[in-house]
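Text of input_12.txt, listed as compact mmCIF, C-alpha atoms:
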```
# COMPACT_ATOMS: atom_id res chain seq x y z
CA MET A 14 8.84 -41.58 -2.32
CA THR A 15 11.08 -39.76 0.11
CA GLY A 16 12.56 -37.64 -2.66
CA GLU A 17 9.10 -36.71 -3.94
CA LEU A 18 7.99 -35.76 -0.44
CA LEU A 19 11.07 -33.60 0.07
CA SER A 20 10.41 -31.91 -3.25
CA ILE A 21 6.83 -31.08 -2.19
CA ILE A 22 8.10 -29.75 1.15
CA GLY A 23 10.62 -27.59 -0.72
CA GLY A 24 7.92 -26.16 -2.97
CA LEU A 25 5.74 -25.45 0.05
CA MET A 26 8.59 -23.65 1.80
CA LEU A 27 9.21 -21.48 -1.26
CA ALA A 28 5.51 -20.59 -1.46
CA MET A 29 5.42 -19.87 2.28
CA THR A 30 8.42 -17.55 1.91
CA ARG A 31 6.60 -15.53 -0.74
CA MET A 32 3.30 -15.35 1.13
CA GLY A 33 5.02 -14.85 4.48
CA THR A 34 6.73 -11.74 3.09
CA VAL A 35 3.32 -10.47 1.97
CA PHE A 36 1.84 -11.02 5.44
CA ALA A 37 4.84 -9.29 6.99
CA LEU A 38 5.02 -6.17 4.80
CA SER A 39 1.65 -5.43 3.18
CA PRO A 40 -0.68 -2.85 4.82
CA TYR A 41 -3.86 -4.92 5.24
CA PHE A 42 -2.62 -8.50 5.47
CA GLY A 43 0.35 -7.48 7.60
CA ALA A 44 -1.58 -5.25 10.02
CA PRO A 45 0.46 -4.73 13.23
CA PHE A 46 -2.54 -5.46 15.47
CA LEU A 47 -2.84 -8.93 13.89
CA PRO A 48 -0.86 -11.41 16.02
CA GLY A 49 2.24 -12.79 14.36
CA LEU A 50 1.12 -16.38 14.89
CA VAL A 51 -2.15 -15.67 13.06
CA ARG A 52 -0.25 -14.22 10.11
CA VAL A 53 2.02 -17.25 10.01
CA PHE A 54 -0.94 -19.64 9.94
CA CYS A 55 -2.68 -17.57 7.24
CA ALA A 56 0.45 -17.53 5.08
CA ALA A 57 0.98 -21.26 5.61
CA GLY A 58 -2.66 -22.09 4.82
CA LEU A 59 -2.70 -20.07 1.60
CA SER A 60 0.62 -21.53 0.53
CA LEU A 61 -0.68 -25.06 1.13
CA LEU A 62 -3.77 -24.31 -0.97
CA PHE A 63 -1.62 -22.92 -3.79
CA VAL A 64 0.68 -25.94 -3.76
CA ILE A 65 -2.27 -28.34 -3.76
CA SER A 66 -3.96 -26.48 -6.64
CA GLU A 67 -0.87 -26.10 -8.83
CA PRO A 68 1.15 -29.28 -9.54
CA ALA A 69 4.12 -27.23 -10.79
CA LEU A 70 4.62 -25.78 -7.30
CA ARG A 71 5.15 -29.25 -5.84
CA ASP A 72 8.53 -29.53 -7.49
CA GLY A 73 10.72 -27.67 -5.04
CA GLY A 74 13.85 -29.49 -6.14
CA ASP A 75 16.73 -30.35 -3.86
CA TRP A 76 17.96 -28.32 -0.91
CA ASP A 77 20.44 -26.37 -3.03
CA ARG A 78 17.62 -25.18 -5.30
CA LEU A 79 15.52 -24.37 -2.25
CA LEU A 80 18.21 -22.19 -0.69
CA ALA A 81 18.92 -20.50 -4.00
CA GLY A 82 15.23 -19.71 -4.51
CA LEU A 83 14.55 -18.14 -1.11
CA PRO A 84 15.93 -14.65 -1.97
CA GLY A 85 13.81 -14.54 -5.11
CA GLU A 86 10.68 -15.44 -3.16
CA LEU A 87 11.43 -12.66 -0.71
CA ALA A 88 11.77 -10.27 -3.66
CA VAL A 89 8.43 -11.29 -5.19
CA GLY A 90 6.67 -10.96 -1.84
CA ALA A 91 8.18 -7.50 -1.43
CA LEU A 92 7.02 -6.53 -4.94
CA LEU A 93 3.47 -7.65 -4.19
CA SER A 94 3.50 -5.75 -0.90
CA LEU A 95 4.84 -2.65 -2.63
CA GLY A 96 2.12 -2.79 -5.26
CA LEU A 97 -0.53 -2.91 -2.53
CA SER A 98 1.13 -0.34 -0.29
CA VAL A 99 1.38 2.53 -2.78
CA ALA A 100 -2.39 3.19 -2.74
CA PHE A 101 -2.49 3.32 1.06
CA TRP A 102 0.63 5.49 1.11
CA ALA A 103 -1.10 7.90 -1.29
CA ALA A 104 -4.12 8.20 1.00
CA GLN A 105 -1.98 8.69 4.08
CA MET A 106 0.24 11.23 2.33
CA GLY A 107 -2.79 13.25 1.20
CA GLY A 108 -4.05 13.41 4.77
CA ALA A 109 -0.58 14.34 6.04
CA LEU A 110 -0.38 17.27 3.61
CA ILE A 111 -3.69 18.57 4.94
CA ASP A 112 -2.57 18.02 8.55
CA TYR A 113 0.49 20.20 8.20
CA GLN A 114 -1.43 22.94 6.43
CA LEU A 115 -4.10 23.02 9.16
CA GLY A 116 -1.55 22.99 11.97
CA PHE A 117 -2.40 19.47 13.16
CA GLY A 118 1.12 18.19 12.57
CA LEU A 119 2.01 18.16 16.26
CA GLY A 120 -1.09 16.18 17.20
CA GLY A 121 -0.09 12.90 15.60
CA LEU A 122 -1.39 9.53 16.71
CA ALA A 123 0.85 6.79 18.07
CA ASP A 124 1.08 3.96 15.53
CA PRO A 125 2.18 0.54 16.86
CA GLY A 126 3.51 -0.37 13.41
CA ASP A 127 5.64 2.74 13.04
CA PRO A 128 7.97 4.39 15.60
CA SER A 129 6.97 7.81 14.27
CA SER A 130 3.63 9.49 14.92
CA THR A 131 0.83 9.18 12.36
CA PRO A 132 -0.95 12.35 11.17
CA LEU A 133 -4.55 12.68 12.32
CA LEU A 134 -6.13 13.20 8.91
CA GLY A 135 -3.59 10.83 7.38
CA ARG A 136 -5.05 8.10 9.57
CA LEU A 137 -8.58 9.15 8.59
CA TYR A 138 -7.76 8.91 4.89
CA TYR A 139 -6.05 5.57 5.52
CA TYR A 140 -9.24 4.20 7.10
CA VAL A 141 -11.30 5.52 4.18
CA ALA A 142 -8.92 3.76 1.78
CA LEU A 143 -9.18 0.56 3.84
CA ALA A 144 -12.97 0.67 3.79
CA ILE A 145 -13.01 1.18 0.01
CA PHE A 146 -10.42 -1.60 -0.38
CA LEU A 147 -12.71 -4.08 1.36
CA ALA A 148 -15.88 -2.76 -0.30
CA VAL A 149 -14.59 -3.30 -3.86
CA GLY A 150 -13.10 -6.71 -3.04
CA GLY A 151 -9.51 -5.53 -3.09
CA ASP A 152 -8.46 -8.29 -0.71
CA ARG A 153 -9.72 -10.95 -3.13
CA ALA A 154 -8.13 -9.15 -6.09
CA PHE A 155 -4.80 -9.06 -4.26
CA LEU A 156 -4.95 -12.76 -3.41
CA ALA A 157 -5.80 -13.49 -7.05
CA ALA A 158 -2.72 -11.52 -8.10
CA ALA A 159 -0.64 -13.42 -5.53
CA TRP A 160 -1.91 -16.70 -6.99
CA ALA A 161 -1.13 -15.46 -10.52
CA SER A 162 2.39 -14.53 -9.39
CA PHE A 163 3.27 -18.23 -9.06
CA ARG A 164 2.44 -18.70 -12.74
CA LEU A 165 4.08 -15.47 -13.91
CA LEU A 166 7.18 -15.88 -11.73
CA PRO A 167 7.71 -19.54 -10.81
CA PRO A 168 9.71 -20.15 -7.62
CA GLY A 169 13.44 -19.81 -8.12
CA SER A 170 13.28 -17.75 -11.33
CA VAL A 171 12.94 -14.19 -10.09
CA LEU A 172 15.03 -11.36 -11.49
CA VAL A 173 14.62 -7.62 -11.00
CA GLY A 174 15.63 -5.74 -14.13
CA GLU A 175 15.67 -2.18 -15.37
CA ARG A 176 12.05 -2.36 -16.52
CA THR A 177 10.97 -3.57 -13.08
CA LEU A 178 12.61 -0.58 -11.46
CA ALA A 179 10.98 1.72 -14.01
CA VAL A 180 7.53 0.30 -13.23
CA MET A 181 8.18 0.65 -9.49
CA VAL A 182 9.19 4.29 -9.92
CA SER A 183 6.16 4.91 -12.15
CA GLN A 184 3.75 3.46 -9.58
CA ALA A 185 5.40 5.41 -6.76
CA ALA A 186 5.09 8.61 -8.80
CA GLY A 187 1.43 7.79 -9.47
CA ALA A 188 0.88 7.33 -5.72
CA PHE A 189 2.47 10.73 -5.03
CA ALA A 190 0.25 12.37 -7.66
CA LEU A 191 -2.82 10.65 -6.20
CA GLY A 192 -1.95 11.89 -2.71
CA VAL A 193 -1.67 15.47 -3.97
CA GLN A 194 -4.99 15.12 -5.80
CA LEU A 195 -6.71 13.87 -2.64
CA ALA A 196 -5.43 16.88 -0.71
CA ALA A 197 -5.97 19.41 -3.53
CA PRO A 198 -9.49 20.62 -2.52
CA VAL A 199 -8.40 21.37 1.03
CA LEU A 200 -5.09 22.91 -0.05
CA ALA A 201 -6.93 25.17 -2.50
CA ALA A 202 -9.40 26.26 0.20
CA ILE A 203 -6.57 27.04 2.62
CA PHE A 204 -4.71 28.97 -0.08
CA LEU A 205 -7.76 31.12 -0.78
CA THR A 206 -8.23 31.64 2.96
CA ASP A 207 -4.63 32.85 3.26
CA ILE A 208 -5.19 35.31 0.44
CA LEU A 209 -8.35 36.58 2.15
CA LEU A 210 -6.53 36.95 5.47
CA GLY A 211 -3.72 38.83 3.73
CA MET A 212 -6.20 41.28 2.23
CA VAL A 213 -7.87 41.76 5.63
CA SER A 214 -4.53 42.35 7.34
CA ARG A 215 -3.70 45.06 4.80
CA ALA A 216 -6.97 46.79 5.65
CA LEU A 217 -6.58 46.17 9.40
CA PRO A 218 -2.85 46.22 10.27
CA GLN A 219 -3.60 45.63 13.96
CA LEU A 220 -5.01 42.20 13.08
CA ASN A 221 -2.52 39.33 13.40
CA PRO A 222 -3.34 37.02 10.46
CA PHE A 223 -1.35 34.11 11.90
CA PHE A 224 -3.14 33.76 15.24
CA GLU A 225 -6.50 34.94 13.98
CA GLY A 226 -6.33 32.73 10.89
CA LEU A 227 -5.53 29.42 12.60
CA PRO A 228 -9.06 28.67 13.88
CA LEU A 229 -10.58 29.98 10.64
CA LYS A 230 -8.35 27.78 8.46
CA SER A 231 -8.96 24.78 10.71
CA ALA A 232 -12.74 25.20 10.50
CA ILE A 233 -12.72 25.70 6.72
CA GLY A 234 -10.29 22.83 6.22
CA ILE A 235 -12.37 20.39 8.27
CA MET A 236 -15.54 21.36 6.40
CA VAL A 237 -13.81 20.85 3.04
CA VAL A 238 -12.40 17.50 4.23
CA ILE A 239 -15.90 16.31 5.14
CA GLY A 240 -17.30 17.54 1.83
CA SER A 241 -14.52 15.96 -0.22
CA LEU A 242 -14.60 12.49 1.37
CA PRO A 243 -16.97 11.12 -1.32
CA ALA A 244 -14.51 12.23 -3.99
CA VAL A 245 -11.68 10.61 -2.02
CA GLY A 246 -13.70 7.40 -1.94
CA LEU A 247 -14.23 7.48 -5.70
CA ALA A 248 -10.53 8.06 -6.35
CA MET A 249 -9.52 5.20 -4.08
CA ARG A 250 -12.17 2.97 -5.66
CA ALA A 251 -10.68 3.57 -9.11
CA THR A 252 -7.22 2.77 -7.72
CA PHE A 253 -8.24 -0.49 -6.06
CA THR A 254 -10.37 -1.57 -9.02
CA GLY A 255 -7.20 -1.63 -11.12
CA LEU A 256 -5.15 -3.28 -8.39
CA THR A 257 -4.83 -6.65 -10.13
CA THR A 258 -3.75 -4.97 -13.38
CA SER A 259 -1.08 -2.88 -11.67
CA LEU A 260 0.27 -5.88 -9.73
CA VAL A 261 0.42 -8.04 -12.85
CA GLU A 262 2.21 -5.22 -14.69
CA LEU A 263 4.74 -5.04 -11.89
CA LEU A 264 5.33 -8.80 -11.92
CA THR A 265 5.53 -9.16 -15.71
CA SER A 266 8.17 -6.41 -15.83
CA SER A 267 10.67 -8.94 -14.47
CA PRO A 268 13.02 -10.43 -17.09
CA ALA A 269 12.20 -13.91 -15.74
CA ALA A 270 8.42 -13.52 -16.11
CA VAL A 271 6.68 -16.31 -17.99
CA PRO A 272 4.59 -14.87 -20.90
```
Written as structure tokens, how would this file's structure read?
Amino acid sequence: MTGELLSIIGGLMLAMTRMGTVFALSPYFGAPFLPGLVRVFCAAGLSLLFVISEPALRDGGDWDRLLAGLPGELAVGALLSLGLSVAFWAAQMGGALIDYQLGFGLGGLADPGDPSSTPLLGRLYYYVALAIFLAVGGDRAFLAAAWASFRLLPPGSVLVGERTLAVMVSQAAGAFALGVQLAAPVLAAIFLTDILLGMVSRALPQLNPFFEGLPLKSAIGIMVVIGSLPAVGLAMRATFTGLTTSLVELLTSSPAAVP
């Protein structure tokens, strides 16, 4: 009886390590304004539910197996967090590109979760992405993928291979492309404005296009940002709708994944 109880405790600790990493690193579940004790209780509660629902997770083995499985659980939690983070990074990067083009780069917001300042429009796009994430049920889709990860990658059997790295690079590249696409309407409008200001400065040499163009580019950029927010929402909706698929693809790329 004692051995069986220790095995269940070992399985619970492995599950808590995986979910604790998610609640420490992921953008929504690991929000810096959420108290650490709350995140610990949430991770522990979900882990307990997973262990109760899946008999295979109750076999944590002896202490040697437990200690050997902890690094793998940290790796899986980091993979899940990475898969969720790339979409939010894309939104924030798109806003940051616009910020620097409009001259708002020096007016960053203080972010408690990051020692560096956060771009103004980058934070706006982040909140839009967060709203879309909750609206399409992205939180439930992520938890479903986390639950599926215990079947795809049982505790203690995690390996990161060449294909896993390739999928990670592919998803990061997709996030970069998405960020550029989100900022493309505003960047195009600013580019056309610069061309117009250049033509005006050729006709009126006494006009300084840099100082005269800053308020004009800011006004045009803000109007295009407001007009393009619905398109940003649609792009983020498509990204979060396929969240479970992308996470499962990332997990199954491991050599130790169970088919």
> What does the distance between atom CA of Val238 of chain A and atom CA of Leu133 of chain A come to in Å, to one decimal place?
Replying inline: 12.3 Å
Sorted by chain and rising residue number, list the residues of segment 40-112 of chain A at most 9 Å from segment 186-210 of chain A (counting only C-alpha atoms), each with its closest atom pair and distance in Å to one decimal, as JSON lines.
```
{"residue": "A:Val99", "atom": "CA", "partner": "A:Ala188", "partner_atom": "CA", "distance": 5.7}
{"residue": "A:Ala100", "atom": "CA", "partner": "A:Ala188", "partner_atom": "CA", "distance": 6.1}
{"residue": "A:Phe101", "atom": "CA", "partner": "A:Ala188", "partner_atom": "CA", "distance": 8.6}
{"residue": "A:Trp102", "atom": "CA", "partner": "A:Ala188", "partner_atom": "CA", "distance": 7.1}
{"residue": "A:Ala103", "atom": "CA", "partner": "A:Gly192", "partner_atom": "CA", "distance": 4.3}
{"residue": "A:Ala104", "atom": "CA", "partner": "A:Gly192", "partner_atom": "CA", "distance": 5.7}
{"residue": "A:Gln105", "atom": "CA", "partner": "A:Gly192", "partner_atom": "CA", "distance": 7.5}
{"residue": "A:Met106", "atom": "CA", "partner": "A:Gly192", "partner_atom": "CA", "distance": 5.5}
{"residue": "A:Gly107", "atom": "CA", "partner": "A:Gly192", "partner_atom": "CA", "distance": 4.2}
{"residue": "A:Gly108", "atom": "CA", "partner": "A:Ala196", "partner_atom": "CA", "distance": 6.6}
{"residue": "A:Ala109", "atom": "CA", "partner": "A:Ala196", "partner_atom": "CA", "distance": 8.7}
{"residue": "A:Leu110", "atom": "CA", "partner": "A:Ala196", "partner_atom": "CA", "distance": 6.7}
{"residue": "A:Ile111", "atom": "CA", "partner": "A:Ala196", "partner_atom": "CA", "distance": 6.1}
```
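Of note, atom CA of Leu59 of chain A and atom CA of Pro84 of chain A are spaced 19.7 Å apart.
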Might you pull out every residue within 12 Å of Thr252 of chain A, with only C-alpha atoms counted and same-chain residues fewer than 2 positions away left off, and present them as a short mmCIF file (atom, residue, chain, number, x, y, z; two decimals) with C-alpha atoms, in the frame of the given file?
```cif
data_model
loop_
_atom_site.label_atom_id
_atom_site.label_comp_id
_atom_site.auth_asym_id
_atom_site.auth_seq_id
_atom_site.Cartn_x
_atom_site.Cartn_y
_atom_site.Cartn_z
CA GLY A 96 2.12 -2.79 -5.26
CA LEU A 97 -0.53 -2.91 -2.53
CA SER A 98 1.13 -0.34 -0.29
CA VAL A 99 1.38 2.53 -2.78
CA ALA A 100 -2.39 3.19 -2.74
CA PHE A 101 -2.49 3.32 1.06
CA ALA A 103 -1.10 7.90 -1.29
CA ALA A 104 -4.12 8.20 1.00
CA ALA A 142 -8.92 3.76 1.78
CA LEU A 143 -9.18 0.56 3.84
CA ILE A 145 -13.01 1.18 0.01
CA PHE A 146 -10.42 -1.60 -0.38
CA VAL A 149 -14.59 -3.30 -3.86
CA GLY A 151 -9.51 -5.53 -3.09
CA GLN A 184 3.75 3.46 -9.58
CA GLY A 187 1.43 7.79 -9.47
CA ALA A 188 0.88 7.33 -5.72
CA LEU A 191 -2.82 10.65 -6.20
CA GLY A 192 -1.95 11.89 -2.71
CA VAL A 245 -11.68 10.61 -2.02
CA GLY A 246 -13.70 7.40 -1.94
CA LEU A 247 -14.23 7.48 -5.70
CA ALA A 248 -10.53 8.06 -6.35
CA MET A 249 -9.52 5.20 -4.08
CA ARG A 250 -12.17 2.97 -5.66
CA THR A 254 -10.37 -1.57 -9.02
CA GLY A 255 -7.20 -1.63 -11.12
CA LEU A 256 -5.15 -3.28 -8.39
CA THR A 257 -4.83 -6.65 -10.13
CA THR A 258 -3.75 -4.97 -13.38
CA SER A 259 -1.08 -2.88 -11.67
CA LEU A 260 0.27 -5.88 -9.73
#
```
> By how many Å are atom CA of Leu156 of chain A and atom CA of Leu38 of chain A apart?
Replying inline: 14.5 Å
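Neighbouring residues of Glu67 of chain A at 12 Å or closer, counting all atoms listed in the file and skipping chain neighbours under 5 positions away, are Ile21, Gly24, Leu25, Ala28, Ser60, Leu61, Leu62, Asp72, Trp160, Ala161, Phe163, Arg164 and Pro167 of chain A.
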As JSON, what would the box around segment 247-250 of chain A look like: edges along x, y and z, 8 Å added on every side, centre and edge lengths in Å to one decimal?
```
{"center_x": -11.9, "center_y": 5.5, "center_z": -5.2, "size_x": 20.7, "size_y": 21.1, "size_z": 18.3}
```
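Proximity ranking of A:Ala185, A:Leu87, A:Ala158, A:Val141 relative to Arg31 of chain A places A:Leu87 first, based on only C-alpha atoms.
The residue that comes closest to Met26 of chain A, out of A:Leu80, A:Leu50, A:Leu165, A:Ala44 and on the basis of all atoms listed in the file, is A:Leu80.
The closest residue to Ala232 of chain A, picked from A:Pro218, A:Gly116, A:Pro132, A:Gly33 and counting all atoms listed in the file, is A:Gly116.
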> With distances taken over only C-alpha atoms, which of A:Ala244, A:Leu115, A:Val35, A:Ala88 is nearest to Gly226 of chain A?
Replying inline: A:Leu115
